[in-house]
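*Asks:* Sharing input-v1.cif, mmCIF, C-alpha atoms:
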```cif
data_coords
#
loop_
_atom_site.label_atom_id
_atom_site.label_comp_id
_atom_site.auth_asym_id
_atom_site.auth_seq_id
_atom_site.Cartn_x
_atom_site.Cartn_y
_atom_site.Cartn_z
CA MET N 24 181.02 -12.32 111.35
CA ALA N 25 177.61 -12.77 109.73
CA GLU N 26 177.29 -11.77 106.09
CA VAL N 27 175.16 -8.70 105.40
CA GLU N 28 174.09 -7.78 101.88
CA GLY N 29 176.02 -4.78 100.60
CA ILE N 30 178.90 -5.20 103.08
CA GLU N 31 182.23 -7.00 102.59
CA GLY N 32 182.82 -7.49 106.32
CA GLU N 33 186.53 -8.27 106.36
CA ARG N 34 187.47 -5.50 103.96
CA VAL N 35 185.36 -2.88 105.74
CA THR N 36 186.78 -3.99 109.09
CA ALA N 37 190.34 -3.57 107.82
CA TRP N 38 189.42 -0.16 106.36
CA LEU N 39 187.94 1.02 109.66
CA GLN N 40 190.82 -0.25 111.75
CA LYS N 41 193.15 2.02 109.77
CA ARG N 42 191.00 5.05 110.58
CA ASP N 43 189.45 4.50 113.98
CA ASP N 44 189.88 2.58 117.21
CA VAL N 45 187.51 -0.34 116.61
CA ALA N 46 187.62 -3.80 118.15
CA ALA N 47 186.93 -6.71 115.81
CA PRO N 48 184.76 -8.55 115.07
CA LEU N 49 182.29 -5.98 113.79
CA ASP N 50 178.55 -6.50 113.49
CA PHE N 51 176.69 -4.82 110.60
CA GLU N 52 172.94 -4.23 110.70
CA VAL N 53 170.80 -2.47 108.08
CA ILE N 54 168.72 0.27 109.69
CA GLN N 55 167.53 1.95 106.48
CA GLY N 56 167.24 0.17 103.20
CA GLY N 57 164.95 -0.38 100.25
CA ARG N 58 165.18 2.09 97.39
CA SER N 59 167.01 4.80 99.34
CA ASN N 60 170.65 4.91 100.32
CA LEU N 61 171.55 2.03 102.62
CA THR N 62 172.40 2.88 106.22
CA TYR N 63 174.06 0.36 108.54
CA THR N 64 174.84 0.38 112.24
CA VAL N 65 178.39 -0.92 112.79
CA THR N 66 178.93 -2.29 116.31
CA ASP N 67 182.37 -3.41 117.46
CA ALA N 68 183.27 -6.07 120.05
CA ALA N 69 183.31 -3.45 122.81
CA GLY N 70 179.82 -2.18 121.95
CA ALA N 71 180.95 1.06 120.30
CA ARG N 72 178.79 2.07 117.33
CA LEU N 73 179.36 3.80 114.02
CA ILE N 74 177.11 4.50 111.02
CA LEU N 75 178.00 3.46 107.45
CA ARG N 76 176.20 4.84 104.39
CA ARG N 77 176.39 3.45 100.85
CA PRO N 78 174.18 3.62 97.72
CA PRO N 79 171.38 1.10 97.17
CA LEU N 80 172.29 -2.22 95.61
CA HIS N 81 170.31 -1.53 92.43
CA GLY N 82 169.01 1.45 90.48
CA VAL N 83 171.72 3.89 91.49
CA LEU N 84 171.33 7.47 90.26
CA GLN N 85 174.62 9.32 90.55
CA SER N 86 173.05 12.63 91.58
CA ALA N 87 170.88 11.07 94.29
CA HIS N 88 173.41 8.61 95.73
CA ASP N 89 176.68 10.55 95.74
CA MET N 90 178.39 9.41 98.93
CA GLY N 91 181.36 11.71 98.45
CA ARG N 92 179.05 14.70 98.18
CA GLU N 93 177.16 13.78 101.37
CA HIS N 94 180.42 13.25 103.25
CA ARG N 95 181.75 16.58 101.99
CA ILE N 96 178.66 18.47 103.18
CA ILE N 97 178.59 16.93 106.65
CA THR N 98 182.33 17.42 107.13
CA ALA N 99 182.12 21.05 106.00
CA LEU N 100 179.34 21.79 108.50
CA ALA N 101 181.13 20.20 111.46
CA GLU N 102 182.63 23.50 112.63
CA THR N 103 179.39 25.48 112.29
CA ALA N 104 176.41 25.88 114.62
CA VAL N 105 174.59 23.13 112.68
CA PRO N 106 174.75 19.82 114.61
CA VAL N 107 175.92 17.00 112.34
CA PRO N 108 177.37 13.55 113.07
CA PRO N 109 181.20 13.63 113.18
CA THR N 110 182.63 11.89 110.11
CA VAL N 111 185.25 9.12 110.22
CA GLY N 112 186.09 8.88 106.53
CA PHE N 113 185.01 8.42 102.92
CA GLU N 114 186.05 5.64 100.55
CA PRO N 115 185.52 6.14 96.80
CA ASP N 116 187.08 2.79 95.80
CA GLU N 117 184.31 0.31 95.01
CA SER N 118 186.64 -2.64 95.57
CA VAL N 119 186.23 -2.34 99.36
CA THR N 120 182.52 -3.14 99.53
CA GLY N 121 181.05 -2.83 96.04
CA ALA N 122 180.30 0.90 96.11
CA PRO N 123 181.62 4.18 97.52
CA PHE N 124 180.72 4.66 101.18
CA TYR N 125 181.38 6.84 104.17
CA VAL N 126 181.34 6.33 107.92
CA MET N 127 180.25 8.69 110.68
CA ARG N 128 179.96 8.42 114.42
CA PHE N 129 176.77 7.19 116.03
CA VAL N 130 174.75 9.97 117.69
CA GLU N 131 172.58 9.04 120.65
CA GLY N 132 169.01 10.30 120.73
CA ALA N 133 165.48 9.87 119.46
CA VAL N 134 164.25 9.98 115.86
CA VAL N 135 160.60 10.99 116.05
CA ARG N 136 159.02 9.37 113.00
CA ASP N 137 155.40 8.91 114.12
CA SER N 138 152.81 9.84 116.73
CA ALA N 139 153.84 7.00 119.05
CA ALA N 140 157.42 8.29 119.15
CA ALA N 141 156.10 11.81 119.74
CA ARG N 142 153.98 10.66 122.69
CA ALA N 143 157.07 9.14 124.26
CA LEU N 144 158.34 12.70 124.70
CA ALA N 145 156.97 14.98 127.42
CA PRO N 146 154.75 17.83 126.11
CA GLU N 147 157.34 20.43 127.12
CA VAL N 148 160.00 18.48 125.21
CA ARG N 149 157.81 18.52 122.09
CA ALA N 150 157.55 22.31 122.36
CA ALA N 151 161.29 22.67 122.92
CA ALA N 152 162.02 20.41 119.93
CA SER N 153 159.76 22.57 117.75
CA GLU N 154 161.70 25.67 118.72
CA ASP N 155 165.16 24.19 118.45
CA LEU N 156 164.61 22.63 115.02
CA VAL N 157 163.60 26.06 113.72
CA ASP N 158 166.70 27.62 115.29
CA VAL N 159 168.91 24.93 113.72
CA LEU N 160 167.37 25.63 110.32
CA VAL N 161 168.17 29.31 110.80
CA HIS N 162 171.76 28.38 111.69
CA LEU N 163 172.00 26.29 108.51
CA HIS N 164 170.83 29.21 106.40
CA GLU N 165 173.38 31.49 108.10
CA VAL N 166 176.36 29.35 107.07
CA ASP N 167 178.85 31.21 104.89
CA VAL N 168 179.03 28.69 102.05
CA ASP N 169 182.31 30.03 100.71
CA ALA N 170 183.98 30.10 104.13
CA VAL N 171 183.19 26.42 104.78
CA GLY N 172 184.23 25.31 101.30
CA LEU N 173 180.78 24.67 99.83
CA GLY N 174 180.61 27.65 97.50
CA ASP N 175 180.96 25.42 94.44
CA LEU N 176 178.50 22.77 95.60
CA ALA N 177 175.93 23.98 93.04
CA ARG N 178 174.90 27.03 91.06
CA LYS N 179 173.89 29.89 93.33
CA GLU N 180 171.33 31.53 91.06
CA ASP N 181 167.79 30.69 89.89
CA TYR N 182 167.24 27.85 92.38
CA LEU N 183 163.45 27.83 92.02
CA GLY N 184 163.58 27.95 88.23
CA ARG N 185 166.01 25.03 88.14
CA GLN N 186 163.95 23.01 90.61
CA LEU N 187 160.70 23.62 88.72
CA LYS N 188 162.33 22.52 85.47
CA ARG N 189 163.91 19.43 87.06
CA TRP N 190 160.83 18.05 88.78
CA HIS N 191 158.40 18.89 85.97
CA GLY N 192 160.77 17.15 83.57
CA GLN N 193 160.80 14.04 85.73
CA LEU N 194 157.01 14.16 85.93
CA GLN N 195 156.73 14.27 82.14
CA GLN N 196 159.36 11.59 81.57
CA GLY N 197 157.59 9.24 83.94
CA GLY N 198 155.05 8.40 81.27
CA GLY N 199 152.34 8.04 83.87
CA ARG N 200 148.96 9.60 84.38
CA ASP N 201 147.61 12.86 83.00
CA LEU N 202 147.64 15.21 86.00
CA PRO N 203 146.42 18.63 84.83
CA VAL N 204 146.46 20.05 88.37
CA LEU N 205 150.23 19.55 88.61
CA ASP N 206 150.78 21.07 85.18
CA ALA N 207 148.62 24.07 86.10
CA VAL N 208 150.44 24.64 89.38
CA HIS N 209 153.79 24.33 87.60
CA ALA N 210 152.78 27.02 85.10
CA ARG N 211 151.66 29.32 87.88
CA LEU N 212 154.82 28.78 89.94
CA VAL N 213 157.02 29.46 86.90
CA ALA N 214 155.13 32.69 86.19
CA ASP N 215 155.28 33.95 89.79
CA ILE N 216 158.84 33.12 90.92
CA PRO N 217 159.68 35.61 93.68
CA VAL N 218 162.90 37.57 93.84
CA GLN N 219 165.45 35.28 95.48
CA GLY N 220 168.11 36.58 97.83
CA PRO N 221 171.67 35.30 98.26
CA ALA N 222 171.95 31.52 98.03
CA THR N 223 172.39 29.51 101.21
CA VAL N 224 172.79 25.83 101.97
CA VAL N 225 169.37 24.26 101.32
CA HIS N 226 168.94 20.90 103.06
CA GLY N 227 166.22 19.81 100.65
CA ASP N 228 164.36 17.48 103.04
CA TYR N 229 164.41 19.25 106.40
CA ARG N 230 161.75 17.73 108.66
CA LEU N 231 161.35 16.36 112.16
CA ASP N 232 162.10 12.73 111.34
CA ASN N 233 165.40 13.67 109.71
CA LEU N 234 166.71 14.90 113.07
CA ILE N 235 168.10 13.18 116.14
CA LEU N 236 166.69 14.76 119.33
CA ASP N 237 167.73 14.62 122.96
CA PRO N 238 164.60 12.97 124.42
CA ARG N 239 165.08 14.82 127.72
CA THR N 240 165.41 18.35 126.38
CA GLY N 241 164.21 18.26 122.77
CA ARG N 242 167.43 19.80 121.51
CA VAL N 243 168.60 18.73 118.06
CA GLN N 244 171.67 16.50 118.38
CA ALA N 245 172.22 15.93 114.65
CA VAL N 246 170.66 16.68 111.27
CA LEU N 247 170.55 13.65 108.96
CA ASP N 248 169.91 12.78 105.29
CA TRP N 249 171.84 15.35 103.26
CA GLU N 250 171.42 13.63 99.89
CA LEU N 251 169.18 16.39 98.41
CA THR N 252 171.28 19.28 99.74
CA THR N 253 172.25 22.07 97.37
CA LEU N 254 172.64 25.85 97.26
CA GLY N 255 169.58 28.01 96.76
CA ASP N 256 166.62 29.80 98.28
CA PRO N 257 166.39 29.08 102.03
CA LEU N 258 162.64 29.64 102.13
CA ALA N 259 162.22 26.45 100.12
CA ASP N 260 163.38 24.55 103.23
CA LEU N 261 160.84 26.37 105.38
CA GLY N 262 158.03 25.71 102.90
CA LEU N 263 158.74 21.97 102.74
CA LEU N 264 159.10 21.77 106.53
CA LEU N 265 155.59 23.21 106.84
CA VAL N 266 154.23 20.80 104.22
CA TYR N 267 155.28 17.92 106.48
CA TRP N 268 154.31 19.78 109.67
CA ALA N 269 150.81 18.33 109.95
CA GLU N 270 148.30 19.69 112.43
CA PRO N 271 145.34 17.83 113.98
CA GLY N 272 142.68 17.24 111.34
CA ASP N 273 145.02 17.44 108.35
CA ASP N 274 144.33 14.76 105.73
CA VAL N 275 146.68 15.65 102.87
CA LEU N 276 149.33 13.10 103.91
CA PRO N 277 147.18 10.13 104.96
CA LEU N 278 149.98 7.58 104.52
CA LEU N 279 152.13 9.32 107.14
CA ASP N 280 151.48 9.02 110.86
CA SER N 281 152.69 12.55 111.47
CA PRO N 282 154.26 13.16 114.90
CA THR N 283 153.46 16.88 114.87
CA THR N 284 149.73 16.19 115.26
CA VAL N 285 150.45 15.28 118.89
CA GLU N 286 149.76 17.98 121.48
CA GLY N 287 152.73 20.15 122.44
CA PHE N 288 154.27 20.87 119.06
CA LEU N 289 154.12 24.41 117.71
CA THR N 290 151.57 25.23 115.02
CA ARG N 291 152.63 25.93 111.45
CA GLU N 292 152.00 29.62 112.05
CA GLN N 293 154.23 29.59 115.14
CA VAL N 294 156.99 27.74 113.29
CA ALA N 295 156.94 30.31 110.48
CA ALA N 296 156.86 33.22 112.95
CA ARG N 297 159.84 31.86 114.90
CA TYR N 298 161.83 31.38 111.70
CA ALA N 299 161.05 34.91 110.55
CA ALA N 300 162.00 36.42 113.93
CA ALA N 301 165.24 34.43 114.27
CA SER N 302 166.40 34.81 110.66
CA GLY N 303 165.19 38.30 109.91
CA ARG N 304 163.89 37.04 106.58
CA ASP N 305 160.69 38.26 104.98
CA VAL N 306 158.22 35.37 104.90
CA SER N 307 155.33 37.34 103.41
CA GLN N 308 155.47 35.16 100.28
CA LEU N 309 155.49 31.92 102.22
CA ASP N 310 152.39 30.68 100.40
CA TYR N 311 154.48 30.47 97.21
CA TYR N 312 157.01 28.24 98.97
CA LEU N 313 154.22 26.13 100.47
CA ALA N 314 152.76 25.67 96.98
CA PHE N 315 156.20 24.74 95.67
CA GLY N 316 156.70 22.27 98.53
CA TYR N 317 153.33 20.55 97.98
CA TRP N 318 153.91 20.44 94.23
CA LYS N 319 157.46 19.07 94.52
CA LEU N 320 156.34 16.34 96.92
CA ALA N 321 153.48 15.46 94.57
CA CYS N 322 155.96 15.07 91.70
CA ILE N 323 158.20 12.83 93.78
CA LEU N 324 155.31 10.63 94.92
CA GLU N 325 153.91 10.39 91.40
CA GLY N 326 157.23 8.86 90.39
CA VAL N 327 156.87 6.34 93.23
CA TYR N 328 153.27 5.61 92.19
CA SER N 329 154.27 5.12 88.54
CA ARG N 330 156.97 2.64 89.47
CA PHE N 331 154.55 0.73 91.69
CA ALA N 332 151.93 0.69 88.93
CA SER N 333 154.45 -0.61 86.39
CA GLY N 334 155.30 -3.52 88.68
CA ALA N 335 158.85 -2.35 89.29
CA TYR N 336 158.53 -2.95 93.03
CA GLY N 337 156.67 -6.27 92.75
CA GLU N 338 153.56 -5.25 94.73
CA THR N 339 150.38 -6.74 93.30
CA ASP N 340 147.72 -6.11 95.97
CA GLY N 341 146.82 -2.61 94.77
CA SER N 342 147.70 -0.93 98.06
CA PHE N 343 150.03 1.41 96.19
CA ARG N 344 146.96 3.17 94.76
CA ALA N 345 146.85 5.25 97.95
CA PHE N 346 150.01 6.96 96.68
CA GLY N 347 148.10 8.01 93.59
CA ASP N 348 145.29 9.51 95.66
CA MET N 349 147.82 11.40 97.77
CA VAL N 350 149.47 12.87 94.68
CA VAL N 351 146.14 14.40 93.64
CA ALA N 352 145.49 15.70 97.17
CA LEU N 353 148.93 17.30 97.27
CA GLY N 354 148.33 18.88 93.87
CA GLU N 355 145.06 20.37 95.08
CA ARG N 356 146.74 21.72 98.21
CA ALA N 357 149.49 23.21 96.03
CA ALA N 358 146.86 24.90 93.86
CA GLU N 359 145.19 26.41 96.93
CA ALA N 360 148.49 27.79 98.23
CA ALA N 361 149.46 29.11 94.80
CA GLY N 362 146.10 30.85 94.61
CA ARG N 363 146.72 32.57 97.94
CA ALA N 364 150.23 33.52 96.84
CA GLY N 365 148.93 35.26 93.73
CA ARG N 366 146.50 37.54 95.52
#
```
Kindly transcribe the structure held in the file into structure tokens.
*Replies:*
Amino acid sequence: MAEVEGIEGERVTAWLQKRDDVAAPLDFEVIQGGRSNLTYTVTDAAGARLILRRPPLHGVLQSAHDMGREHRIITALAETAVPVPPTVGFEPDESVTGAPFYVMRFVEGAVVRDSAAARALAPEVRAAASEDLVDVLVHLHEVDVDAVGLGDLARKEDYLGRQLKRWHGQLQQGGGRDLPVLDAVHARLVADIPVQGPATVVHGDYRLDNLILDPRTGRVQAVLDWELTTLGDPLADLGLLLVYWAEPGDDVLPLLDSPTTVEGFLTREQVAARYAAASGRDVSQLDYYLAFGYWKLACILEGVYSRFASGAYGETDGSFRAFGDMVVALGERAAEAAGRAGR
């Protein structure tokens, strides 16, 4: 059994054998690492696969890397119309492999992260995927949070106010650049918070590349990456989905090779219209949620840029400066959307 950083192979093997039918020896391979939560494929001697998630090796923030919380959310949604990977178990004891972790079953399918992956799908599959991901988002927002045991996951009121305070605070604490456009958008968003309906589960990062698709039909097989999930205003999910939903000619996210620019995917307008029709929700103030989505992403990326600029990540070639340019572009796009929202 080859050693893999972050995994105590023998201990994890023994843990899994008590909870699932796995054949030793197990092979562990990192499939997502860096500064996010670590994700490993676990393959047993018979070729069966599982997925293990644990916090990063360094710089752990309790709120962002709570494995027990992620496991709780996925397990709670298992009996709903939202497709999630079946869970195997959660281990809070750090003595097993150095940190809390959980294991879920491997879900077959395609993760469409870029235009090349999108072109591997037939045009009709791209259209079907567009429709089904909207329908899955509607299903998520229909979940009765109290009935599935998630009613105490977070506060149910003033989601937008809390989010605006949180991300603006992180922007100010970063000690980075003076970005008046982000401060101006923040002030406008605070002043214009719309009336928010009953709180739902909010994924927090719902986008195409956080889904596993059936490459033959486009149907969503599983929704991934629940680390930012909370309770709040469902239209925030729709707004952020549309921020990432690039169309041909878009230049606001130049560092991302967006799959939705490939022919066959619905337009932003069609995505919003399908959500409104399927959910029955009023999306007339969608520009506010677009502005919030652009602004929130700008705040997150400014934090990344500041850490690059301080040398925290070790890069010295200056390529990280593109992050800084993108922050400004996102801020300007947020200002445009906020301006439309205030008319």
*Asks:* Residues near Trp268 in chain N, anyone? I mean within 9 Å using all atoms listed in the file, not counting same-chain ones fewer than 6 positions away, as a ChimeraX atom specification.
*Replies:* /N:230-231,281-284,290-291
*Asks:* I need the residue nearest Leu173 in chain N from this list: N:Val45, N:Ala360, N:Ala214, N:Ala99. Use only C-alpha atoms for the distance.
*Replies:* N:Ala99
*Asks:* Which residues are near Gly354 in chain N? Cut-off 12 Å, all atoms listed in the file, ignore same chain within fewer than 6 positions. Put them as JSON, numbers by chain.
*Replies:* {"N": [202, 203, 204, 205, 206, 207, 208, 209, 275, 276, 313, 314, 315, 316, 317, 318, 319, 320, 321, 322, 323, 324, 325, 347, 348, 360, 361]}
*Asks:* Could you state which residues are captured by the PyMOL selection byres ((chain N and resi 154) around 10) in this file, as number ranges by chain?
*Replies:* N: 148-153, 155-159, 241-243, 288-289, 293-294, 297-298
*Asks:* Identify which of the residues N:Lys41, N:Arg92, N:His162, N:Arg77 lies closest to Ser302 in chain N, counting all atoms listed in the file when measuring atom-to-atom distances.
*Replies:*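 With all atoms listed in the file as the atom set, the closest residue is N:His162.
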*Asks:* Kindly give the distance, in Å, that separates CA of Leu254 in chain N and CA of Val105 in chain N, rounded to a single decimal.
*Replies:*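 Separating CA of Leu254 in chain N from CA of Val105 in chain N is a distance of 15.8 Å.
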*Asks:* Between CA of Val306 in chain N and CA of Val285 in chain N, what distance in Å does the model show, to one decimal?
*Replies:*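 CA of Val306 in chain N sits 25.7 Å away from CA of Val285 in chain N.
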*Asks:* Point out the residue among N:Pro78, N:Pro238, N:Gly184, N:Gly326 with the least atom-to-atom distance to Glu147 in chain N, counting only C-alpha atoms.
*Replies:* N:Pro238
*Asks:* Between CA of Val65 in chain N and CA of Leu251 in chain N, measure the distance and give it in Å to one decimal.
*Replies:*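 So the answer is 24.3 Å.
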*Asks:* Counting all atoms listed in the file, which of N:Leu75, N:Ile216, N:Met349, N:Leu187 gets nearest to Thr120 in chain N?
*Replies:* N:Leu75
*Asks:* Evaluated on this file, the PyMOL selection byres ((chain N and resi 222) around 6) picks out some residues - which ones are they, written as a PyMOL selection string?
*Replies:* chain N and resi 179+221+223+254-256
*Asks:* Which of these residues is nearest to Ser329 in chain N, using all atoms listed in the file: N:Asn233, N:Tyr312, N:Gly199, N:Trp249?
*Replies:* N:Gly199
*Asks:* Given all atoms listed in the file as the basis, pick out the residue of N:Arg211, N:His226, N:Arg185, N:Arg142 nearest to Leu163 in chain N.
*Replies:* N:His226
*Asks:* Which residues match the PyMOL selection byres ((chain N and resi 248) around 10) in the file above, as JSON, numbers by chain?
*Replies:* {"N": [60, 93, 97, 226, 227, 228, 229, 232, 233, 234, 246, 247, 249, 250, 251, 252]}
*Asks:* Taking all atoms of range 320-336 of chain N that appear in the file, build a box with edges along x, y and z, extend it by 8 Å on every side, and state its centre and edge lengths in Å to one decimal, as JSON.
*Replies:*
```
{"center_x": 155.4, "center_y": 6.4, "center_z": 91.7, "size_x": 22.9, "size_y": 35.9, "size_z": 26.5}
```
